[in-house]
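Beneath this line is the structure, given in structure tokens, with notes to follow.
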Amino acid sequence: MDTNTQANPPAPEKAPLVPIPRSGLPTAPSVILHILIALSAAMLPACAVGMIANPGESASLLFGIEIAAAVTSFLQIAYLWRACRRARGLIPVIAVFGVLSYLATASAIPLSMGLSLLFAIGTGSMLLAVSPKKALVWFPLVPLGAFALSLLVTRDPLTALACLTPFPAAIALAQGTRAAAAREDGPSRVGVICLSSLALGASVAAVAAALFYRALGTLELSAILEWLDRGRALLADTLVSMELTIPSASGEEIPVDAAYAENLVNQAFNLIPALVVVIINILSTLSQMIQHAALAAFGYGESVSDRVRLFAMSAISGAVFLIGYVTVWISGTDASTLVGTVAENVVLILQPGLALCGLLRFMGFLTARRGRGGCGCLLLVIVPILLFSAPVVLAFYEAISLTVGRLLSRLRQLKPPEDPDSP
């Protein structure tokens with residue numbers, strides 16, 4: 001007898017796992033991609049030198065780095081547009097960021113630095129994920145070539161080592177994606193992002209430690225804290241010297257004094273850990289999007305299944321976000337307490353991921369409503385609110401949905417099953 005009725009729907013079948021085969025790329029595309037990855041990695045220390053160089057003393061060097069940055073960015077964008085069609089949605093974002101950064105700095109270096117890091121991690125992880133094990137012995141030539149180019153430009157071995165920053169993240173992203181595609185208990189998409197973020201953060205921390213050691217001659221915590229305190233004082237004095245004003249409760253403009261400037265700088269420094277983590281997570285997420293697009297472009301799209309592409313946060317993260325936000329609200333913003341600072345950092349770290357999940361959930365809700373004849377004019381009311389405070393609203397929406405959904409699921413499990421023979 002058929003029991004698949006509306007009251008008793010069939011359980012959804014899990015999509016079959018499609019492990020990523022190590023069949024590699026054709027020779028010509030593989031060689032081109034190896035060269036582009038090495039060039040992208042070599043641009044990282046070159047861009048760093050260009051951002052801190054004195055224009056009056058290094059005009060010719062800066063001009064060369066600007067030309068190299070513009071050419072490299074063009075090649076990377078052209079490659080993504082031509083070879084990775086699913087990554088074309090990132091091109092407008094890159095264009096907007098490029099225009100804004102150029103208007104702010106009058107330089108192509110910031111765009112090239114960010115795009116080079118994304119390209120090296122995204123396409124490098126794709127290459128590592130699909131290359132046969134015998135062909136992987138050639139991949140170390142990429143970081144070696146990048147180091148040689150960096151050393152030629154910077155003439156400094158320590159600075160040139162910054163070109164190795166993207167490769168640990170590329171390895172972690174490749175291995176994480178392979179595990180997600182091959183095992184039912186493999187990492188989720190968010191788990192893969194966290195793994196690659198951890199590797200990228202470790203690389204950035206190693207480069208920062210090397211720079212601190214060169215500048216301070218030691219890595220002792222007391223010396224680093226003293227350096228940070230000098231930076232706080234310098235920024236506070238700079239704000240006071242700018243003679244800025246702020247509106248008071250009565251509507252009058254009052255000058256920024258030393259106490260207000262110091263409090264503002266302290267609040268900014270307290271949020272540096274969260275900002276660093278958020279930036280690294282965003283870079284890992286965008287790199288993963290490039291990786292998925294590259295896998296699909298070279299015939300591995302079946303391995304990037306719905307399970308691999310599903311972006312979902314856990315109920316624990318939603319609960320932690322809500323608790324952290326309440327803690328920040330209770331502690332206030334006038335005084336920087338340890339508990340309030342930690343809670344504010346946790347909230348800022350979790351907010352982007354929850355906001356993205358909330359947006360996806362909200363779009364799914366609107367799609368379902370439209371499918372059932374829902375009124376599209378509802379967007380006229382909700383969209384302006386989302387545009388005004390979208391990250392917080394969407395993060396709250398997702399956090400509440402996750403926690404309430406988990407609570408209702410537990411209650412259903414505790415509820416005894418109904419007896420079909422009972423009257």
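Following the order of the structure tokens, chains are lettered A, B, ..., residues in each are numbered from 1, and ligands are numbered from 1.
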Could the residues of stretch 48-84 of chain A that have an atom at most 10 Å from stretch 145-164 of chain A be listed as CSV, each with its closest atom pair and the distance in Å to one decimal, counting only C-alpha atoms and ordered by chain and ascending residue number?
residue,atom,partner,partner_atom,distance
A:Ala48,CA,A:Thr159,CA,8.6
A:Val49,CA,A:Thr154,CA,7.1
A:Gly50,CA,A:Thr154,CA,9.7
A:Leu61,CA,A:Val153,CA,8.7
A:Gly64,CA,A:Val153,CA,9.7
A:Ile65,CA,A:Val153,CA,8.9
Using the selection just defined, write its residues with C-alpha atoms as a tab-separated table (two decimals), in the first residue's frame.
chain	number	residue	atom	x	y	z
A	48	ALA	CA	52.91	46.43	0.56
A	49	VAL	CA	56.10	48.25	-0.45
A	50	GLY	CA	54.10	50.57	-2.69
A	61	LEU	CA	59.63	52.31	-8.00
A	64	GLY	CA	56.53	50.53	-11.75
A	65	ILE	CA	54.43	48.99	-8.97
Shell around A:Val347 at 7 Å using only C-alpha atoms, local window under 2 positions removed, as a short mmCIF file (atom, residue, chain, number, x, y, z; two decimals) with N, CA, C and O atoms, in the first residue's frame:
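selection.cif was written with the following content:
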data_model
loop_
_atom_site.label_atom_id
_atom_site.label_comp_id
_atom_site.auth_asym_id
_atom_site.auth_seq_id
_atom_site.Cartn_x
_atom_site.Cartn_y
_atom_site.Cartn_z
N PHE A 321 25.24 35.03 19.63
CA PHE A 321 25.04 36.38 19.10
C PHE A 321 24.01 37.13 19.93
O PHE A 321 24.22 38.30 20.30
N GLY A 324 25.46 37.91 23.35
CA GLY A 324 26.47 38.96 23.23
C GLY A 324 25.85 40.32 22.99
O GLY A 324 26.30 41.32 23.58
N TYR A 325 24.82 40.39 22.16
CA TYR A 325 24.19 41.68 21.88
C TYR A 325 23.51 42.24 23.12
O TYR A 325 23.59 43.44 23.41
N ALA A 343 32.17 40.91 24.42
CA ALA A 343 30.86 40.68 23.82
C ALA A 343 30.71 41.43 22.50
O ALA A 343 30.17 40.91 21.52
N GLU A 344 31.22 42.67 22.45
CA GLU A 344 31.11 43.45 21.22
C GLU A 344 31.94 42.83 20.10
O GLU A 344 31.53 42.82 18.93
N ASN A 345 33.11 42.31 20.42
CA ASN A 345 33.93 41.63 19.42
C ASN A 345 33.24 40.38 18.91
O ASN A 345 33.24 40.09 17.70
N ILE A 349 31.98 39.64 15.03
CA ILE A 349 32.49 38.48 14.29
C ILE A 349 31.35 37.65 13.72
O ILE A 349 31.40 37.19 12.57
N LEU A 350 30.29 37.44 14.51
CA LEU A 350 29.19 36.58 14.07
C LEU A 350 28.20 37.29 13.16
O LEU A 350 27.48 36.63 12.39
N GLN A 351 28.15 38.61 13.21
CA GLN A 351 27.11 39.34 12.48
C GLN A 351 27.14 39.13 10.97
O GLN A 351 26.08 38.90 10.37
#
Please provide the set of residues having any atom within 12 Å of A:Pro29, restricted to only C-alpha atoms, with same-chain residues fewer than 2 positions apart removed, written as a PDB file with N, CA and C atoms, in the first residue's frame.
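That gives us part28.pdb:
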ATOM      1  N   GLY A  24      43.056  16.543 -12.877  1.00  0.00           N
ATOM      2  CA  GLY A  24      43.885  17.661 -13.305  1.00  0.00           C
ATOM      3  C   GLY A  24      43.259  18.519 -14.388  1.00  0.00           C
ATOM      4  N   LEU A  25      44.050  19.458 -14.872  1.00  0.00           N
ATOM      5  CA  LEU A  25      43.630  20.367 -15.936  1.00  0.00           C
ATOM      6  C   LEU A  25      44.447  20.082 -17.194  1.00  0.00           C
ATOM      7  N   PRO A  26      43.952  20.490 -18.357  1.00  0.00           N
ATOM      8  CA  PRO A  26      44.770  20.396 -19.567  1.00  0.00           C
ATOM      9  C   PRO A  26      46.082  21.166 -19.393  1.00  0.00           C
ATOM     10  N   THR A  27      47.075  20.803 -20.172  1.00  0.00           N
ATOM     11  CA  THR A  27      48.427  21.348 -19.975  1.00  0.00           C
ATOM     12  C   THR A  27      48.479  22.864 -20.096  1.00  0.00           C
ATOM     13  N   VAL A  31      49.366  25.500 -17.033  1.00  0.00           N
ATOM     14  CA  VAL A  31      50.566  26.331 -17.036  1.00  0.00           C
ATOM     15  C   VAL A  31      50.201  27.802 -16.858  1.00  0.00           C
ATOM     16  N   ILE A  32      49.170  28.245 -17.566  1.00  0.00           N
ATOM     17  CA  ILE A  32      48.742  29.647 -17.450  1.00  0.00           C
ATOM     18  C   ILE A  32      48.309  29.963 -16.026  1.00  0.00           C
ATOM     19  N   LEU A  33      47.568  29.041 -15.427  1.00  0.00           N
ATOM     20  CA  LEU A  33      47.083  29.276 -14.072  1.00  0.00           C
ATOM     21  C   LEU A  33      48.233  29.284 -13.063  1.00  0.00           C
ATOM     22  N   HIS A  34      49.212  28.398 -13.233  1.00  0.00           N
ATOM     23  CA  HIS A  34      50.383  28.413 -12.354  1.00  0.00           C
ATOM     24  C   HIS A  34      51.098  29.764 -12.424  1.00  0.00           C
ATOM     25  N   ILE A  35      51.248  30.298 -13.629  1.00  0.00           N
ATOM     26  CA  ILE A  35      51.934  31.580 -13.795  1.00  0.00           C
ATOM     27  C   ILE A  35      51.137  32.711 -13.154  1.00  0.00           C
ATOM     28  N   LEU A  36      49.806  32.720 -13.358  1.00  0.00           N
ATOM     29  CA  LEU A  36      48.976  33.779 -12.795  1.00  0.00           C
ATOM     30  C   LEU A  36      48.964  33.736 -11.273  1.00  0.00           C
ATOM     31  N   TYR A  79      40.661  36.824 -16.570  1.00  0.00           N
ATOM     32  CA  TYR A  79      40.648  35.369 -16.399  1.00  0.00           C
ATOM     33  C   TYR A  79      39.356  34.918 -15.716  1.00  0.00           C
ATOM     34  N   ALA A  83      37.136  32.490 -17.870  1.00  0.00           N
ATOM     35  CA  ALA A  83      37.214  31.073 -17.508  1.00  0.00           C
ATOM     36  C   ALA A  83      36.222  30.677 -16.429  1.00  0.00           C
ATOM     37  N   THR A 123      41.868  30.299  -6.869  1.00  0.00           N
ATOM     38  CA  THR A 123      42.291  29.436  -7.972  1.00  0.00           C
ATOM     39  C   THR A 123      43.384  28.464  -7.528  1.00  0.00           C
ATOM     40  N   LEU A 127      43.295  24.396  -7.982  1.00  0.00           N
ATOM     41  CA  LEU A 127      44.366  23.642  -8.621  1.00  0.00           C
ATOM     42  C   LEU A 127      44.877  22.531  -7.713  1.00  0.00           C
ATOM     43  N   ALA A 294      35.602  28.178 -10.237  1.00  0.00           N
ATOM     44  CA  ALA A 294      36.674  27.568 -11.027  1.00  0.00           C
ATOM     45  C   ALA A 294      36.466  26.061 -11.170  1.00  0.00           C
ATOM     46  N   ALA A 297      33.919  25.623 -13.788  1.00  0.00           N
ATOM     47  CA  ALA A 297      34.408  26.007 -15.109  1.00  0.00           C
ATOM     48  C   ALA A 297      35.258  24.921 -15.746  1.00  0.00           C
ATOM     49  N   PHE A 298      35.972  24.134 -14.935  1.00  0.00           N
ATOM     50  CA  PHE A 298      36.860  23.101 -15.481  1.00  0.00           C
ATOM     51  C   PHE A 298      36.261  21.706 -15.384  1.00  0.00           C
TER      52      PHE A 298
END
Which residues are close to A:Asp229, i.e. within 12 Å by only C-alpha atoms, leaving aside same-chain residues fewer than 6 positions away? Reply as a PyMOL selection string. chain A and resi 222-223+235-236+262+265-266+269
For atom CA of A:Val18 and atom CA of A:Arg189, quote the distance in Å rounded to one decimal.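 Between these atoms lies a distance of 15.5 Å.
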Would you work out the distance separating atom CA of A:Tyr397 from atom CA of A:Val346, expressed in Å to one decimal?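 Going from atom CA of A:Tyr397 over to atom CA of A:Val346 covers 17.3 Å.
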When DSSP is applied to the backbone of this structure, which of stretch 214-294 of chain A are assigned helix (DSSP H, G or I)? Write them out as a PyMOL selection string. chain A and resi 214-216+221-241+258-270+272-294
Show which residues sit within 10 Å of A:Val342, as a PyMOL selection string. Count only C-alpha atoms, and ignore same-chain residues fewer than 5 positions away. chain A and resi 270-271+273-274+324+327-328+336-337+347
Keeping only C-alpha atoms, write the selected residues as a tab-separated table (two decimals), in the first residue's frame.
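Output file selection-v5.tsv follows:
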chain	number	residue	atom	x	y	z
A	270	ASN	CA	39.25	47.39	21.32
A	271	LEU	CA	37.44	46.36	18.13
A	273	PRO	CA	40.49	41.82	16.90
A	274	ALA	CA	36.93	41.55	15.58
A	324	GLY	CA	26.47	38.96	23.23
A	327	THR	CA	25.50	42.00	27.06
A	328	VAL	CA	26.70	44.91	24.90
A	336	SER	CA	34.93	50.09	28.01
A	337	THR	CA	34.63	47.07	30.28
A	347	VAL	CA	28.86	40.18	18.02
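Interatomic distance, atom CA of A:Val93 against atom CA of A:Phe74: 14.7 Å.
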6 Å contact set for stretch 168-173 of chain A, only C-alpha atoms, chain neighbours under 4 positions out, as a PyMOL selection string: chain A and resi 121+124-125+196+199-200
Set the distance at 9 Å and use only C-alpha atoms: which residues neighbour A:Asn281 once local chain neighbours fewer than 5 positions away are removed? I'd like the list as a count of residues only. 9
Of the candidates A:Ile94, A:Leu354, A:Ile400, A:Met313, which shows the shortest atom-to-atom distance to A:Leu80, using only C-alpha atoms?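 Of the candidates, the smallest distance to A:Leu80 is held by A:Ile94.
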